[in-house]
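structure19.cif follows (mmCIF, N, CA and C atoms):
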```
data_structure
#
loop_
_atom_site.label_atom_id
_atom_site.label_comp_id
_atom_site.auth_asym_id
_atom_site.auth_seq_id
_atom_site.Cartn_x
_atom_site.Cartn_y
_atom_site.Cartn_z
N MET A 370 -49.31 -43.54 -22.39
CA MET A 370 -48.22 -43.65 -21.47
C MET A 370 -48.75 -44.16 -20.14
N THR A 371 -48.03 -45.11 -19.62
CA THR A 371 -48.45 -45.69 -18.35
C THR A 371 -48.00 -44.78 -17.21
N PRO A 372 -48.55 -44.92 -16.06
CA PRO A 372 -48.12 -44.10 -14.92
C PRO A 372 -46.64 -44.25 -14.60
N ASN A 373 -46.11 -45.45 -14.77
CA ASN A 373 -44.67 -45.65 -14.53
C ASN A 373 -43.84 -44.90 -15.56
N GLU A 374 -44.26 -44.91 -16.81
CA GLU A 374 -43.53 -44.18 -17.86
C GLU A 374 -43.58 -42.68 -17.60
N LYS A 375 -44.74 -42.19 -17.13
CA LYS A 375 -44.86 -40.78 -16.80
C LYS A 375 -43.92 -40.41 -15.65
N THR A 376 -43.87 -41.29 -14.67
CA THR A 376 -43.01 -41.04 -13.52
C THR A 376 -41.54 -41.04 -13.95
N ILE A 377 -41.18 -41.97 -14.81
CA ILE A 377 -39.80 -42.05 -15.30
C ILE A 377 -39.48 -40.82 -16.15
N ALA A 378 -40.40 -40.40 -17.02
CA ALA A 378 -40.19 -39.21 -17.86
C ALA A 378 -40.05 -37.98 -16.99
N ASN A 379 -40.90 -37.87 -15.96
CA ASN A 379 -40.83 -36.75 -15.04
C ASN A 379 -39.48 -36.77 -14.29
N PHE A 380 -39.08 -37.95 -13.88
CA PHE A 380 -37.80 -38.11 -13.18
C PHE A 380 -36.64 -37.69 -14.08
N GLU A 381 -36.68 -38.16 -15.34
CA GLU A 381 -35.61 -37.82 -16.30
C GLU A 381 -35.56 -36.31 -16.52
N THR A 382 -36.71 -35.67 -16.63
CA THR A 382 -36.77 -34.22 -16.84
C THR A 382 -36.15 -33.49 -15.66
N ARG A 383 -36.54 -33.91 -14.48
CA ARG A 383 -36.00 -33.26 -13.28
C ARG A 383 -34.50 -33.53 -13.12
N LEU A 384 -34.10 -34.71 -13.48
CA LEU A 384 -32.67 -35.05 -13.41
C LEU A 384 -31.87 -34.18 -14.38
N ARG A 385 -32.38 -33.99 -15.61
CA ARG A 385 -31.72 -33.12 -16.58
C ARG A 385 -31.67 -31.68 -16.07
N GLN A 386 -32.75 -31.22 -15.46
CA GLN A 386 -32.77 -29.87 -14.88
C GLN A 386 -31.73 -29.73 -13.77
N MET A 387 -31.64 -30.76 -12.95
CA MET A 387 -30.65 -30.73 -11.87
C MET A 387 -29.23 -30.73 -12.43
N ILE A 388 -29.00 -31.50 -13.49
CA ILE A 388 -27.67 -31.54 -14.11
C ILE A 388 -27.34 -30.18 -14.71
N LEU A 389 -28.29 -29.56 -15.39
CA LEU A 389 -28.07 -28.23 -15.97
C LEU A 389 -27.79 -27.21 -14.87
N ARG A 390 -28.58 -27.28 -13.80
CA ARG A 390 -28.38 -26.34 -12.68
C ARG A 390 -27.01 -26.57 -12.04
N PHE A 391 -26.61 -27.85 -11.90
CA PHE A 391 -25.30 -28.17 -11.35
C PHE A 391 -24.19 -27.59 -12.22
N GLN A 392 -24.33 -27.71 -13.55
CA GLN A 392 -23.32 -27.18 -14.46
C GLN A 392 -23.26 -25.65 -14.36
N GLU A 393 -24.42 -25.01 -14.25
CA GLU A 393 -24.45 -23.56 -14.09
C GLU A 393 -23.75 -23.14 -12.80
N LEU A 394 -24.07 -23.84 -11.71
CA LEU A 394 -23.46 -23.52 -10.43
C LEU A 394 -21.96 -23.80 -10.43
N LYS A 395 -21.56 -24.85 -11.12
CA LYS A 395 -20.14 -25.18 -11.22
C LYS A 395 -19.40 -24.08 -11.99
N LYS A 396 -20.00 -23.61 -13.08
CA LYS A 396 -19.39 -22.52 -13.85
C LYS A 396 -19.32 -21.25 -13.02
N GLU A 397 -20.41 -20.92 -12.32
CA GLU A 397 -20.43 -19.73 -11.47
C GLU A 397 -19.38 -19.84 -10.37
N ASN A 398 -19.24 -21.03 -9.81
CA ASN A 398 -18.23 -21.26 -8.76
C ASN A 398 -16.82 -21.03 -9.31
N GLN A 399 -16.55 -21.51 -10.51
CA GLN A 399 -15.24 -21.30 -11.13
C GLN A 399 -14.99 -19.81 -11.36
N GLU A 400 -16.01 -19.10 -11.82
CA GLU A 400 -15.86 -17.67 -12.05
C GLU A 400 -15.59 -16.93 -10.73
N LEU A 401 -16.29 -17.35 -9.69
CA LEU A 401 -16.08 -16.71 -8.38
C LEU A 401 -14.67 -16.99 -7.85
N TYR A 402 -14.20 -18.22 -8.02
CA TYR A 402 -12.83 -18.53 -7.60
C TYR A 402 -11.81 -17.72 -8.39
N ALA A 403 -12.09 -17.53 -9.71
CA ALA A 403 -11.19 -16.71 -10.53
C ALA A 403 -11.19 -15.27 -10.04
N MET A 404 -12.37 -14.76 -9.66
CA MET A 404 -12.45 -13.39 -9.15
C MET A 404 -11.69 -13.26 -7.83
N VAL A 405 -11.83 -14.27 -6.98
CA VAL A 405 -11.13 -14.24 -5.69
C VAL A 405 -9.62 -14.25 -5.92
N ASP A 406 -9.16 -15.10 -6.83
CA ASP A 406 -7.73 -15.14 -7.14
C ASP A 406 -7.24 -13.80 -7.68
N LYS A 407 -8.02 -13.20 -8.59
CA LYS A 407 -7.64 -11.92 -9.15
C LYS A 407 -7.60 -10.85 -8.07
N ASN A 408 -8.60 -10.85 -7.20
CA ASN A 408 -8.63 -9.87 -6.11
C ASN A 408 -7.45 -10.06 -5.15
N GLU A 409 -7.09 -11.30 -4.89
CA GLU A 409 -5.93 -11.56 -4.03
C GLU A 409 -4.65 -11.04 -4.68
N GLN A 410 -4.53 -11.23 -5.99
CA GLN A 410 -3.35 -10.71 -6.71
C GLN A 410 -3.35 -9.18 -6.66
N ASP A 411 -4.52 -8.58 -6.87
CA ASP A 411 -4.61 -7.12 -6.79
C ASP A 411 -4.22 -6.62 -5.40
N ILE A 412 -4.68 -7.31 -4.38
CA ILE A 412 -4.34 -6.93 -3.01
C ILE A 412 -2.85 -7.03 -2.79
N LYS A 413 -2.22 -8.09 -3.27
CA LYS A 413 -0.77 -8.24 -3.12
C LYS A 413 -0.03 -7.12 -3.84
N GLN A 414 -0.48 -6.79 -5.05
CA GLN A 414 0.16 -5.71 -5.80
C GLN A 414 -0.01 -4.37 -5.09
N LEU A 415 -1.22 -4.12 -4.60
CA LEU A 415 -1.47 -2.87 -3.89
C LEU A 415 -0.68 -2.80 -2.59
N GLN A 416 -0.55 -3.94 -1.92
CA GLN A 416 0.23 -3.97 -0.67
C GLN A 416 1.70 -3.68 -0.98
N ALA A 417 2.21 -4.26 -2.07
CA ALA A 417 3.60 -4.00 -2.46
C ALA A 417 3.78 -2.53 -2.81
N LYS A 418 2.80 -1.97 -3.53
CA LYS A 418 2.87 -0.55 -3.89
C LYS A 418 2.81 0.32 -2.64
N LEU A 419 1.94 -0.04 -1.71
CA LEU A 419 1.83 0.70 -0.45
C LEU A 419 3.15 0.65 0.32
N ASP A 420 3.76 -0.54 0.38
CA ASP A 420 5.05 -0.68 1.07
C ASP A 420 6.10 0.19 0.41
N GLN A 421 6.13 0.20 -0.93
CA GLN A 421 7.11 1.00 -1.66
C GLN A 421 6.88 2.49 -1.40
N GLU A 422 5.62 2.91 -1.44
CA GLU A 422 5.31 4.32 -1.19
C GLU A 422 5.65 4.71 0.25
N GLN A 423 5.48 3.77 1.18
CA GLN A 423 5.84 4.04 2.57
C GLN A 423 7.35 4.23 2.68
N GLN A 424 8.10 3.39 1.98
CA GLN A 424 9.56 3.54 1.98
C GLN A 424 9.96 4.87 1.34
N ASN A 425 9.30 5.22 0.23
CA ASN A 425 9.59 6.50 -0.42
C ASN A 425 9.29 7.66 0.52
N TYR A 426 8.17 7.58 1.22
CA TYR A 426 7.80 8.64 2.16
C TYR A 426 8.84 8.75 3.27
N ASN A 427 9.25 7.61 3.81
CA ASN A 427 10.26 7.64 4.88
C ASN A 427 11.58 8.21 4.37
N SER A 428 11.96 7.87 3.15
CA SER A 428 13.18 8.41 2.56
C SER A 428 13.06 9.92 2.39
N LEU A 429 11.92 10.36 1.89
CA LEU A 429 11.70 11.80 1.70
C LEU A 429 11.71 12.53 3.04
N LYS A 430 11.09 11.93 4.03
CA LYS A 430 11.07 12.53 5.36
C LYS A 430 12.49 12.63 5.92
N MET A 431 13.28 11.59 5.71
CA MET A 431 14.67 11.60 6.18
C MET A 431 15.47 12.67 5.43
N ALA A 432 15.27 12.75 4.12
CA ALA A 432 15.98 13.76 3.33
C ALA A 432 15.60 15.16 3.79
N LYS A 433 14.33 15.37 4.09
CA LYS A 433 13.87 16.68 4.55
C LYS A 433 14.50 17.00 5.90
N MET A 434 14.59 16.00 6.77
CA MET A 434 15.21 16.23 8.07
C MET A 434 16.69 16.58 7.90
N ILE A 435 17.36 15.90 6.99
CA ILE A 435 18.78 16.19 6.74
C ILE A 435 18.91 17.58 6.15
N GLU A 436 18.00 17.95 5.25
CA GLU A 436 18.03 19.29 4.64
C GLU A 436 17.87 20.35 5.71
N ILE A 437 16.92 20.14 6.60
CA ILE A 437 16.70 21.09 7.69
C ILE A 437 17.93 21.15 8.58
N THR A 438 18.50 19.99 8.86
CA THR A 438 19.69 19.94 9.70
C THR A 438 20.84 20.68 9.04
N ASP A 439 21.01 20.50 7.72
CA ASP A 439 22.07 21.22 7.01
C ASP A 439 21.82 22.72 7.08
N GLY A 440 20.59 23.14 6.92
CA GLY A 440 20.25 24.56 7.02
C GLY A 440 20.53 25.07 8.41
N ASP A 441 20.18 24.31 9.41
CA ASP A 441 20.46 24.70 10.79
C ASP A 441 21.96 24.74 11.03
N LEU A 442 22.67 23.80 10.40
CA LEU A 442 24.12 23.76 10.56
C LEU A 442 24.75 25.02 9.97
N ASP A 443 24.30 25.43 8.80
CA ASP A 443 24.81 26.66 8.18
C ASP A 443 24.49 27.87 9.06
N GLY A 444 23.26 27.89 9.56
CA GLY A 444 22.87 28.99 10.44
C GLY A 444 23.69 29.00 11.71
N ALA A 445 23.94 27.82 12.26
CA ALA A 445 24.74 27.72 13.48
C ALA A 445 26.18 28.18 13.21
N LYS A 446 26.71 27.81 12.05
CA LYS A 446 28.07 28.25 11.70
C LYS A 446 28.13 29.77 11.61
N GLU A 447 27.11 30.36 10.99
CA GLU A 447 27.08 31.82 10.86
C GLU A 447 27.00 32.49 12.24
N ARG A 448 26.14 31.98 13.11
CA ARG A 448 26.01 32.54 14.46
C ARG A 448 27.32 32.39 15.24
N LEU A 449 27.94 31.22 15.09
CA LEU A 449 29.22 30.98 15.78
C LEU A 449 30.30 31.93 15.26
N SER A 450 30.34 32.13 13.96
CA SER A 450 31.32 33.06 13.38
C SER A 450 31.08 34.47 13.90
N LYS A 451 29.81 34.87 13.99
CA LYS A 451 29.49 36.20 14.52
C LYS A 451 29.92 36.30 15.99
N LEU A 452 29.66 35.28 16.76
CA LEU A 452 30.08 35.29 18.17
C LEU A 452 31.60 35.38 18.29
N ILE A 453 32.30 34.65 17.44
CA ILE A 453 33.77 34.70 17.48
C ILE A 453 34.25 36.11 17.13
N ARG A 454 33.64 36.74 16.12
CA ARG A 454 34.01 38.11 15.76
C ARG A 454 33.74 39.06 16.93
N ASP A 455 32.58 38.90 17.57
CA ASP A 455 32.25 39.74 18.72
C ASP A 455 33.26 39.54 19.85
N VAL A 456 33.63 38.31 20.13
CA VAL A 456 34.62 38.02 21.18
C VAL A 456 35.96 38.65 20.81
N ASN A 457 36.35 38.52 19.53
CA ASN A 457 37.62 39.11 19.09
C ASN A 457 37.59 40.64 19.25
N LYS A 458 36.44 41.25 18.93
CA LYS A 458 36.31 42.70 19.12
C LYS A 458 36.46 43.06 20.60
N CYS A 459 35.80 42.27 21.46
CA CYS A 459 35.90 42.53 22.90
C CYS A 459 37.34 42.36 23.39
N ILE A 460 38.02 41.36 22.90
CA ILE A 460 39.41 41.14 23.29
C ILE A 460 40.26 42.33 22.82
N ALA A 461 40.01 42.79 21.58
CA ALA A 461 40.76 43.92 21.04
C ALA A 461 40.50 45.16 21.87
N ILE A 462 39.26 45.41 22.26
CA ILE A 462 38.91 46.58 23.08
C ILE A 462 39.60 46.47 24.44
N LEU A 463 39.54 45.30 25.06
CA LEU A 463 40.18 45.11 26.36
C LEU A 463 41.71 45.28 26.26
N SER A 464 42.26 44.81 25.16
CA SER A 464 43.71 44.93 24.96
C SER A 464 44.07 46.40 24.83
N ASP A 465 43.25 47.19 24.12
CA ASP A 465 43.52 48.62 23.94
C ASP A 465 43.40 49.35 25.28
N GLN A 466 42.49 48.95 26.12
CA GLN A 466 42.30 49.63 27.40
C GLN A 466 43.45 49.33 28.37
N GLU A 467 44.04 48.18 28.29
CA GLU A 467 45.14 47.82 29.19
C GLU A 467 46.39 48.60 28.83
N GLN A 468 46.56 48.99 27.63
CA GLN A 468 47.78 49.68 27.21
C GLN A 468 47.73 51.09 27.52
#
```
I'd like the structure from this file rewritten - as structure tokens, please.
Amino acid sequence: MTPNEKTIANFETRLRQMILRFQELKKENQELYAMVDKNEQDIKQLQAKLDQEQQNYNSLKMAKMIEITDGDLDGAKERLSKLIRDVNKCIAILSDQEQ
């Protein structure tokens, strides 16, 4: 083999190695892009789930506030009824004393 043939053979070998490495890197790049796309989809799904759970939490919090308000309303009605009874008793006592 002449020196030129050796140089050409060496060049061809290195060129084939570079082509193989390029193909490997291209495949790895495609896999990484696929992973990024999948992760972006996962993030969107998780964000949607988080938004839904936040809405559920707000609804539950609102329902709990309404429940407490209803309980307070019942308690307030009972206290008001008791006050009215007490006032009626006082009016009855005052009416008896005037006679």
Legend entry - Between CA of Glu397 in chain A and CA of Leu415 in chain A, distance in Å (one decimal):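 Interatomic distance here is 26.5 Å.
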Legend entry - Separation of atom N of Asp465 in chain A from atom C of Ile453 in chain A, in Å and rounded to one decimal: 15.9 Å
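When atom C of Ile460 in chain A is paired with CA of Leu442 in chain A, their separation reads 27.5 Å.
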